[in-house]
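Q: Starting off with a structure, shown below.
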Amino acid sequence: LEVSTRRDFVSPDADAVPLVDLRRLGAPVEPYAGVVRSVVVNGETVRLKRPAVAVIDTGTTGLTISDSLLGDGFGGTDELPLPGAAIRHVDVELETESGASVTLGADARVGAEFPLVVTPQRLPWFDEDFFGKRGRGGSDTWKTPPHVLFLGLSFLENRRLTIDVEARRIQVETAPRLPPRPEAKPFRGRSMYADVAG
(Lines give C-alpha, C1' and ligand atoms only; values in the text may rest on other atoms or scores of the structure.)
Protein backbone atom coordinates (compact mmCIF):
# COMPACT_ATOMS: atom_id res chain seq x y z
CA LEU A 1 0.00 0.00 0.00
CA GLU A 2 1.36 3.38 -0.99
CA VAL A 3 -0.20 6.68 0.05
CA SER A 4 1.12 9.92 -1.34
CA THR A 5 0.31 13.60 -1.63
CA ARG A 6 2.82 14.05 -4.48
CA ARG A 7 1.25 15.28 -7.70
CA ASP A 8 0.46 12.57 -10.29
CA PHE A 9 1.59 9.76 -8.01
CA VAL A 10 -0.94 7.61 -9.87
CA SER A 11 -0.41 7.89 -13.63
CA PRO A 12 -2.98 10.14 -15.34
CA ASP A 13 -3.41 7.33 -17.91
CA ALA A 14 -4.34 4.75 -15.28
CA ASP A 15 -7.99 3.70 -15.06
CA ALA A 16 -8.07 4.31 -11.32
CA VAL A 17 -10.82 3.95 -8.75
CA PRO A 18 -12.07 7.40 -7.66
CA LEU A 19 -12.15 7.99 -3.92
CA VAL A 20 -15.56 8.68 -2.38
CA ASP A 21 -15.81 11.14 0.51
CA LEU A 22 -18.19 9.54 3.02
CA ARG A 23 -17.98 12.52 5.39
CA ARG A 24 -20.75 14.22 3.39
CA LEU A 25 -23.01 11.41 4.56
CA GLY A 26 -21.98 11.58 8.19
CA ALA A 27 -18.83 9.45 8.45
CA PRO A 28 -16.60 10.89 11.19
CA VAL A 29 -13.42 10.53 9.11
CA GLU A 30 -12.57 10.19 5.43
CA PRO A 31 -11.62 6.57 4.78
CA TYR A 32 -10.10 5.39 1.51
CA ALA A 33 -13.35 4.26 -0.10
CA GLY A 34 -14.57 3.39 -3.59
CA VAL A 35 -17.97 2.62 -5.11
CA VAL A 36 -18.81 -1.08 -5.30
CA ARG A 37 -20.23 -2.35 -8.59
CA SER A 38 -20.89 -5.89 -7.37
CA VAL A 39 -20.11 -8.37 -4.62
CA VAL A 40 -19.74 -12.09 -5.29
CA VAL A 41 -19.92 -14.45 -2.31
CA ASN A 42 -19.13 -18.16 -2.65
CA GLY A 43 -19.44 -17.79 -6.43
CA GLU A 44 -22.87 -16.13 -6.36
CA THR A 45 -23.59 -12.44 -7.02
CA VAL A 46 -25.11 -10.69 -4.01
CA ARG A 47 -28.50 -9.12 -4.78
CA LEU A 48 -27.76 -5.63 -3.51
CA LYS A 49 -30.82 -3.43 -3.01
CA ARG A 50 -28.90 -0.28 -2.19
CA PRO A 51 -25.52 1.24 -3.06
CA ALA A 52 -22.38 -0.14 -1.45
CA VAL A 53 -18.90 1.23 -0.85
CA ALA A 54 -15.67 -0.56 -0.02
CA VAL A 55 -13.19 0.90 2.47
CA ILE A 56 -9.54 -0.15 2.31
CA ASP A 57 -8.81 -1.11 5.92
CA THR A 58 -5.24 -2.22 6.62
CA GLY A 59 -6.06 -2.44 10.32
CA THR A 60 -7.89 -5.74 9.85
CA THR A 61 -7.19 -9.00 8.05
CA GLY A 62 -10.62 -10.13 6.86
CA LEU A 63 -13.89 -8.47 5.92
CA THR A 64 -16.13 -6.38 8.13
CA ILE A 65 -19.58 -5.72 6.67
CA SER A 66 -22.09 -3.16 7.92
CA ASP A 67 -25.04 -4.85 9.63
CA SER A 68 -27.35 -3.31 7.02
CA LEU A 69 -26.05 -6.04 4.68
CA LEU A 70 -24.86 -8.88 6.95
CA GLY A 71 -27.37 -8.48 9.79
CA ASP A 72 -26.16 -9.78 13.15
CA GLY A 73 -23.67 -12.12 11.46
CA PHE A 74 -25.59 -15.29 12.31
CA GLY A 75 -28.40 -15.28 9.77
CA GLY A 76 -27.70 -12.51 7.29
CA THR A 77 -30.33 -10.40 5.51
CA ASP A 78 -32.45 -10.96 2.41
CA GLU A 79 -29.65 -9.32 0.40
CA LEU A 80 -26.91 -11.55 1.85
CA PRO A 81 -28.68 -14.46 3.57
CA LEU A 82 -25.62 -16.20 5.00
CA PRO A 83 -23.93 -16.21 8.39
CA GLY A 84 -20.46 -14.70 8.36
CA ALA A 85 -18.86 -18.10 9.07
CA ALA A 86 -20.38 -19.52 5.84
CA ILE A 87 -18.66 -16.90 3.66
CA ARG A 88 -15.55 -18.57 2.26
CA HIS A 89 -14.91 -16.74 -1.03
CA VAL A 90 -15.51 -13.03 -1.76
CA ASP A 91 -14.91 -10.86 -4.82
CA VAL A 92 -15.61 -7.13 -4.61
CA GLU A 93 -15.75 -5.21 -7.90
CA LEU A 94 -14.91 -1.51 -7.61
CA GLU A 95 -15.96 1.01 -10.28
CA THR A 96 -13.15 2.77 -12.14
CA GLU A 97 -13.13 6.20 -13.76
CA SER A 98 -13.90 4.75 -17.21
CA GLY A 99 -16.89 2.77 -15.97
CA ALA A 100 -14.95 -0.49 -15.98
CA SER A 101 -14.15 -2.36 -12.78
CA VAL A 102 -11.29 -3.82 -10.80
CA THR A 103 -11.74 -6.81 -8.50
CA LEU A 104 -10.33 -7.40 -5.04
CA GLY A 105 -10.87 -10.95 -3.81
CA ALA A 106 -10.17 -13.08 -0.77
CA ASP A 107 -10.68 -16.70 0.25
CA ALA A 108 -10.81 -18.66 3.48
CA ARG A 109 -7.75 -20.89 3.22
CA VAL A 110 -6.16 -23.14 5.81
CA GLY A 111 -2.86 -21.62 6.92
CA ALA A 112 -3.43 -18.27 5.19
CA GLU A 113 -1.21 -15.47 6.43
CA PHE A 114 -4.19 -13.10 6.31
CA PRO A 115 -7.32 -15.18 6.99
CA LEU A 116 -10.71 -14.24 5.61
CA VAL A 117 -12.85 -13.80 8.73
CA VAL A 118 -16.21 -12.13 8.04
CA THR A 119 -17.90 -10.14 10.81
CA PRO A 120 -20.77 -7.62 11.00
CA GLN A 121 -20.52 -4.13 12.45
CA ARG A 122 -23.21 -1.69 13.53
CA LEU A 123 -22.27 1.49 11.70
CA PRO A 124 -24.03 4.69 12.83
CA TRP A 125 -22.34 6.89 10.24
CA PHE A 126 -25.47 7.44 8.15
CA ASP A 127 -28.09 7.53 10.89
CA GLU A 128 -30.22 10.66 10.71
CA ASP A 129 -29.79 11.28 14.42
CA PHE A 130 -25.99 10.83 14.50
CA PHE A 131 -24.66 14.21 15.71
CA GLY A 132 -28.02 15.82 15.06
CA LYS A 133 -29.07 15.91 11.41
CA ARG A 134 -25.61 15.44 9.96
CA GLY A 135 -26.33 12.00 8.52
CA ARG A 136 -27.95 11.73 5.10
CA GLY A 137 -28.37 15.43 4.43
CA GLY A 138 -25.02 16.07 2.78
CA SER A 139 -25.30 14.50 -0.63
CA ASP A 140 -27.66 14.33 -3.59
CA THR A 141 -25.73 11.32 -4.92
CA TRP A 142 -26.82 8.93 -2.17
CA LYS A 143 -30.56 8.86 -1.65
CA THR A 144 -30.14 5.70 0.43
CA PRO A 145 -27.21 5.23 2.82
CA PRO A 146 -24.79 2.69 1.34
CA HIS A 147 -23.73 -0.64 2.73
CA VAL A 148 -20.07 -0.52 3.80
CA LEU A 149 -17.54 -3.32 3.32
CA PHE A 150 -14.20 -2.92 5.09
CA LEU A 151 -11.64 -4.85 3.05
CA GLY A 152 -8.70 -6.05 5.13
CA LEU A 153 -5.30 -7.47 4.28
CA SER A 154 -6.68 -10.72 2.88
CA PHE A 155 -7.97 -8.64 -0.08
CA LEU A 156 -4.67 -6.85 -0.56
CA GLU A 157 -2.37 -9.88 -0.58
CA ASN A 158 -0.34 -10.08 -3.82
CA ARG A 159 -1.63 -6.68 -4.90
CA ARG A 160 -0.22 -3.19 -4.92
CA LEU A 161 -2.56 -0.34 -4.10
CA THR A 162 -1.40 3.19 -4.72
CA ILE A 163 -3.57 5.93 -3.24
CA ASP A 164 -3.12 9.48 -4.47
CA VAL A 165 -4.87 11.55 -1.81
CA GLU A 166 -4.54 14.84 -3.70
CA ALA A 167 -5.99 13.52 -6.96
CA ARG A 168 -8.42 11.28 -5.00
CA ARG A 169 -7.59 8.11 -6.95
CA ILE A 170 -6.67 4.49 -6.13
CA GLN A 171 -4.66 2.39 -8.57
CA VAL A 172 -4.82 -1.39 -8.12
CA GLU A 173 -2.09 -3.59 -9.57
CA THR A 174 -2.07 -7.37 -9.27
CA ALA A 175 1.09 -9.49 -9.07
CA PRO A 176 1.89 -11.03 -12.46
CA ARG A 177 1.82 -14.61 -11.15
CA LEU A 178 -0.82 -15.16 -8.51
CA PRO A 179 -1.20 -18.50 -6.76
CA PRO A 180 -4.42 -20.24 -7.86
CA ARG A 181 -7.47 -19.42 -5.77
CA PRO A 182 -9.66 -22.20 -4.42
CA GLU A 183 -12.85 -22.86 -6.34
CA ALA A 184 -15.83 -20.81 -5.16
CA LYS A 185 -18.52 -23.18 -3.91
CA PRO A 186 -22.01 -22.40 -2.63
CA PHE A 187 -22.55 -22.95 1.09
CA ARG A 188 -23.94 -26.46 1.60
CA GLY A 189 -24.01 -26.90 -2.17
CA ARG A 190 -27.00 -24.67 -2.89
CA SER A 191 -27.86 -21.08 -3.70
CA MET A 192 -27.89 -18.72 -0.74
CA TYR A 193 -31.22 -17.43 -2.10
CA ALA A 194 -32.89 -20.86 -2.16
CA ASP A 195 -35.02 -20.03 0.89
CA VAL A 196 -35.47 -16.30 0.21
CA ALA A 197 -38.78 -15.17 -1.28
CA GLY A 198 -38.66 -13.03 -4.39
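All residue names refer to the C-alpha coordinates as shown: chains lettered A, B, ... in order, residues numbered from 1 in each chain, ligands numbered from 1 in order.
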Give the alpha helix (DSSP H) residues of stretch 77-176 of chain A, as assigned by DSSP on the backbone, as a list in words.
A: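 Alpha helix (DSSP H) assignments inside stretch 77-176 of chain A correspond to Leu153, Ser154, Phe155 and Leu156 of chain A.
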Q: Contacts of A:Leu94 at 7 Å or less, counting only C-alpha atoms, minus same-chain residues fewer than 2 places along, as a ChimeraX atom specification?
A: /A:17,34-37,92,96,101-103
Q: Residues near stretch 113-124 of chain A, anyone? I mean within 6 Å using only C-alpha atoms, not counting same-chain ones fewer than 3 positions away, as number ranges by chain.
A: A: 61-67, 70, 73, 84, 107-108, 127, 154
Q: If you run DSSP over the backbone, which residues in stretch 2-153 of chain A end up strand (DSSP E or B)? Put them as a PyMOL selection string.
A: chain A and resi 2-4+17-18+33-41+44-45+52-56+63-66+89-95+101-107+118-121+147-151
Q: Would you mind listing what lies within 12 Å of A:Arg47 as number ranges by chain, with only C-alpha atoms counted and same-chain residues fewer than 5 positions away left out?
A: A: 37-41, 52, 69, 77-81, 192-193, 196, 198
Q: For those residues, write all heavy atoms to a file as a CSV table (one decimal), in the first residue's frame.
A:
chain,number,residue,atom,x,y,z
A,37,ARG,N,-19.3,-2.0,-7.5
A,37,ARG,CA,-20.2,-2.3,-8.6
A,37,ARG,C,-21.0,-3.6,-8.3
A,37,ARG,O,-22.1,-3.8,-8.5
A,37,ARG,CB,-19.4,-2.5,-9.9
A,37,ARG,CG,-20.3,-3.1,-11.0
A,37,ARG,CD,-19.5,-3.2,-12.3
A,37,ARG,NE,-19.5,-1.8,-12.9
A,37,ARG,CZ,-18.9,-1.6,-14.0
A,37,ARG,NH1,-18.2,-2.5,-14.7
A,37,ARG,NH2,-18.9,-0.4,-14.5
A,38,SER,N,-20.3,-4.6,-7.7
A,38,SER,CA,-20.9,-5.9,-7.4
A,38,SER,C,-20.1,-6.6,-6.3
A,38,SER,O,-18.9,-6.3,-6.1
A,38,SER,CB,-21.1,-6.8,-8.6
A,38,SER,OG,-19.8,-7.3,-9.0
A,39,VAL,N,-20.7,-7.5,-5.6
A,39,VAL,CA,-20.1,-8.4,-4.6
A,39,VAL,C,-20.5,-9.8,-5.0
A,39,VAL,O,-21.7,-10.1,-5.2
A,39,VAL,CB,-20.6,-8.0,-3.2
A,39,VAL,CG1,-19.9,-8.9,-2.2
A,39,VAL,CG2,-20.3,-6.6,-2.9
A,40,VAL,N,-19.5,-10.7,-5.0
A,40,VAL,CA,-19.7,-12.1,-5.3
A,40,VAL,C,-19.3,-12.9,-4.1
A,40,VAL,O,-18.2,-12.7,-3.6
A,40,VAL,CB,-19.0,-12.6,-6.5
A,40,VAL,CG1,-19.2,-14.1,-6.8
A,40,VAL,CG2,-19.4,-11.8,-7.8
A,41,VAL,N,-20.2,-13.7,-3.5
A,41,VAL,CA,-19.9,-14.4,-2.3
A,41,VAL,C,-20.1,-15.9,-2.6
A,41,VAL,O,-21.2,-16.3,-3.1
A,41,VAL,CB,-20.8,-14.0,-1.1
A,41,VAL,CG1,-20.8,-15.0,0.0
A,41,VAL,CG2,-20.5,-12.6,-0.7
A,52,ALA,N,-23.4,0.4,-2.4
A,52,ALA,CA,-22.4,-0.1,-1.5
A,52,ALA,C,-21.0,0.5,-1.8
A,52,ALA,O,-20.7,0.9,-2.9
A,52,ALA,CB,-22.3,-1.7,-1.6
A,69,LEU,N,-26.2,-5.0,5.7
A,69,LEU,CA,-26.0,-6.0,4.7
A,69,LEU,C,-25.9,-7.4,5.3
A,69,LEU,O,-26.5,-8.4,4.8
A,69,LEU,CB,-24.9,-5.7,3.8
A,69,LEU,CG,-24.6,-6.7,2.6
A,69,LEU,CD1,-25.8,-6.9,1.7
A,69,LEU,CD2,-23.4,-6.3,1.8
A,77,THR,N,-29.2,-11.2,5.9
A,77,THR,CA,-30.3,-10.4,5.5
A,77,THR,C,-30.9,-11.0,4.2
A,77,THR,O,-30.3,-11.9,3.6
A,77,THR,CB,-30.0,-8.9,5.3
A,77,THR,OG1,-29.0,-8.8,4.2
A,77,THR,CG2,-29.3,-8.3,6.5
A,78,ASP,N,-32.0,-10.4,3.7
A,78,ASP,CA,-32.5,-11.0,2.4
A,78,ASP,C,-31.5,-10.6,1.3
A,78,ASP,O,-31.5,-11.3,0.2
A,78,ASP,CB,-33.9,-10.5,2.1
A,78,ASP,CG,-34.0,-9.0,2.0
A,78,ASP,OD1,-33.1,-8.3,2.5
A,78,ASP,OD2,-35.0,-8.5,1.5
A,79,GLU,N,-30.6,-9.6,1.4
A,79,GLU,CA,-29.7,-9.3,0.4
A,79,GLU,C,-28.5,-10.3,0.5
A,79,GLU,O,-27.9,-10.7,-0.6
A,79,GLU,CB,-29.1,-7.9,0.6
A,79,GLU,CG,-30.2,-6.8,0.2
A,79,GLU,CD,-29.7,-5.5,0.5
A,79,GLU,OE1,-29.0,-4.9,-0.4
A,79,GLU,OE2,-29.9,-5.0,1.7
A,80,LEU,N,-28.0,-10.6,1.6
A,80,LEU,CA,-26.9,-11.6,1.9
A,80,LEU,C,-27.3,-12.5,2.9
A,80,LEU,O,-27.0,-12.4,4.1
A,80,LEU,CB,-25.6,-10.8,2.2
A,80,LEU,CG,-24.4,-11.6,2.5
A,80,LEU,CD1,-24.0,-12.5,1.3
A,80,LEU,CD2,-23.2,-10.6,2.8
A,81,PRO,N,-28.1,-13.6,2.6
A,81,PRO,CA,-28.7,-14.5,3.6
A,81,PRO,C,-27.8,-15.6,4.0
A,81,PRO,O,-28.1,-16.8,4.0
A,81,PRO,CB,-29.9,-15.0,2.9
A,81,PRO,CG,-29.5,-15.0,1.4
A,81,PRO,CD,-28.6,-13.8,1.2
A,192,MET,N,-27.6,-19.4,-2.0
A,192,MET,CA,-27.9,-18.7,-0.7
A,192,MET,C,-29.3,-18.1,-0.8
A,192,MET,O,-29.8,-17.8,0.3
A,192,MET,CB,-26.9,-17.7,-0.4
A,192,MET,CG,-26.7,-16.5,-1.3
A,192,MET,SD,-25.5,-15.4,-0.7
A,192,MET,CE,-25.0,-14.6,-2.3
A,193,TYR,N,-29.9,-18.0,-2.0
A,193,TYR,CA,-31.2,-17.4,-2.1
A,193,TYR,C,-32.3,-18.5,-2.2
A,193,TYR,O,-33.5,-18.2,-2.5
A,193,TYR,CB,-31.3,-16.5,-3.3
A,193,TYR,CG,-30.4,-15.3,-3.2
A,193,TYR,CD1,-29.2,-15.2,-3.9
A,193,TYR,CD2,-30.6,-14.3,-2.3
A,193,TYR,CE1,-28.3,-14.2,-3.8
A,193,TYR,CE2,-29.7,-13.2,-2.1
A,193,TYR,CZ,-28.6,-13.2,-2.9
A,193,TYR,OH,-27.7,-12.1,-2.7
A,196,VAL,N,-35.1,-17.7,0.1
A,196,VAL,CA,-35.5,-16.3,0.2
A,196,VAL,C,-36.6,-16.0,-0.8
A,196,VAL,O,-36.4,-16.3,-2.0
A,196,VAL,CB,-34.3,-15.4,-0.1
A,196,VAL,CG1,-34.7,-13.9,-0.1
A,196,VAL,CG2,-33.2,-15.6,1.0
A,198,GLY,N,-38.9,-14.1,-3.4
A,198,GLY,CA,-38.7,-13.0,-4.4
A,198,GLY,C,-37.4,-13.1,-5.1
A,198,GLY,O,-36.9,-12.4,-5.8
Q: Please indicate the distance in Å from atom CA of A:Ser68 to atom CA of A:Ile170, rounded to one decimal place.
A: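 Taking atom CA of A:Ser68 and atom CA of A:Ile170, their separation equals 25.7 Å.
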Q: Atom CA of A:Gly152 and atom CA of A:Arg190 are how many Å apart?
A: 27.3 Å
Q: Tell me which protein, DNA and RNA residues are within 8 Å of A:Glu30, counting only C-alpha atoms, leaving out same-chain ones fewer than 5 positions away, and put them as a PDB file with all heavy atoms, in the first residue's frame.
A:
ATOM      1  N   ASP A  21     -15.878  10.501  -0.805  1.00  0.00           N
ATOM      2  CA  ASP A  21     -15.812  11.140   0.512  1.00  0.00           C
ATOM      3  C   ASP A  21     -17.100  10.849   1.285  1.00  0.00           C
ATOM      4  O   ASP A  21     -18.149  11.429   1.002  1.00  0.00           O
ATOM      5  CB  ASP A  21     -15.610  12.643   0.359  1.00  0.00           C
ATOM      6  CG  ASP A  21     -15.313  13.335   1.682  1.00  0.00           C
ATOM      7  OD1 ASP A  21     -15.414  12.676   2.746  1.00  0.00           O
ATOM      8  OD2 ASP A  21     -14.978  14.526   1.657  1.00  0.00           O
ATOM      9  N   LEU A  22     -17.011   9.938   2.240  1.00  0.00           N
ATOM     10  CA  LEU A  22     -18.191   9.542   3.016  1.00  0.00           C
ATOM     11  C   LEU A  22     -18.522  10.527   4.134  1.00  0.00           C
ATOM     12  O   LEU A  22     -19.554  10.388   4.783  1.00  0.00           O
ATOM     13  CB  LEU A  22     -17.985   8.146   3.598  1.00  0.00           C
ATOM     14  CG  LEU A  22     -17.800   7.031   2.564  1.00  0.00           C
ATOM     15  CD1 LEU A  22     -17.542   5.702   3.258  1.00  0.00           C
ATOM     16  CD2 LEU A  22     -19.005   6.942   1.647  1.00  0.00           C
ATOM     17  N   ARG A  23     -17.692  11.536   4.348  1.00  0.00           N
ATOM     18  CA  ARG A  23     -17.982  12.522   5.390  1.00  0.00           C
ATOM     19  C   ARG A  23     -19.240  13.325   5.070  1.00  0.00           C
ATOM     20  O   ARG A  23     -19.946  13.756   5.966  1.00  0.00           O
ATOM     21  CB  ARG A  23     -16.797  13.476   5.573  1.00  0.00           C
ATOM     22  CG  ARG A  23     -15.569  12.797   6.160  1.00  0.00           C
ATOM     23  CD  ARG A  23     -14.401  13.742   6.211  1.00  0.00           C
ATOM     24  NE  ARG A  23     -14.073  14.184   4.868  1.00  0.00           N
ATOM     25  CZ  ARG A  23     -13.091  15.035   4.582  1.00  0.00           C
ATOM     26  NH1 ARG A  23     -12.354  15.552   5.552  1.00  0.00           N
ATOM     27  NH2 ARG A  23     -12.835  15.388   3.334  1.00  0.00           N
TER      28      ARG A  23
END
Q: Separation of atom CA of A:Leu25 and atom CA of A:Gly71, in Å?
A: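 Value for the atom CA of A:Leu25-atom CA of A:Gly71 distance: 21.0 Å.
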Q: If you take only C-alpha atoms and a cut-off of 12 Å, which residues of stretch 12-65 of chain A touch stretch 155-162 of chain A, and what are their nearest atom pairs and distances in Å to one decimal, in chain and number order, as a Markdown table?
A:
| residue | atom | partner | partner_atom | distance |
| --- | --- | --- | --- | --- |
| A:Ala14 | CA | A:Thr162 | CA | 11.1 |
| A:Ala16 | CA | A:Thr162 | CA | 9.5 |
| A:Val17 | CA | A:Thr162 | CA | 10.3 |
| A:Pro18 | CA | A:Thr162 | CA | 11.8 |
| A:Leu19 | CA | A:Thr162 | CA | 11.8 |
| A:Tyr32 | CA | A:Thr162 | CA | 10.9 |
| A:Ala54 | CA | A:Phe155 | CA | 11.2 |
| A:Val55 | CA | A:Phe155 | CA | 11.2 |
| A:Ile56 | CA | A:Leu156 | CA | 8.8 |
| A:Asp57 | CA | A:Leu156 | CA | 9.6 |
| A:Thr58 | CA | A:Leu156 | CA | 8.6 |
| A:Gly59 | CA | A:Leu156 | CA | 11.8 |
| A:Thr60 | CA | A:Phe155 | CA | 10.3 |
| A:Thr61 | CA | A:Phe155 | CA | 8.2 |
| A:Gly62 | CA | A:Phe155 | CA | 7.6 |
| A:Leu63 | CA | A:Phe155 | CA | 8.4 |
| A:Thr64 | CA | A:Phe155 | CA | 11.8 |
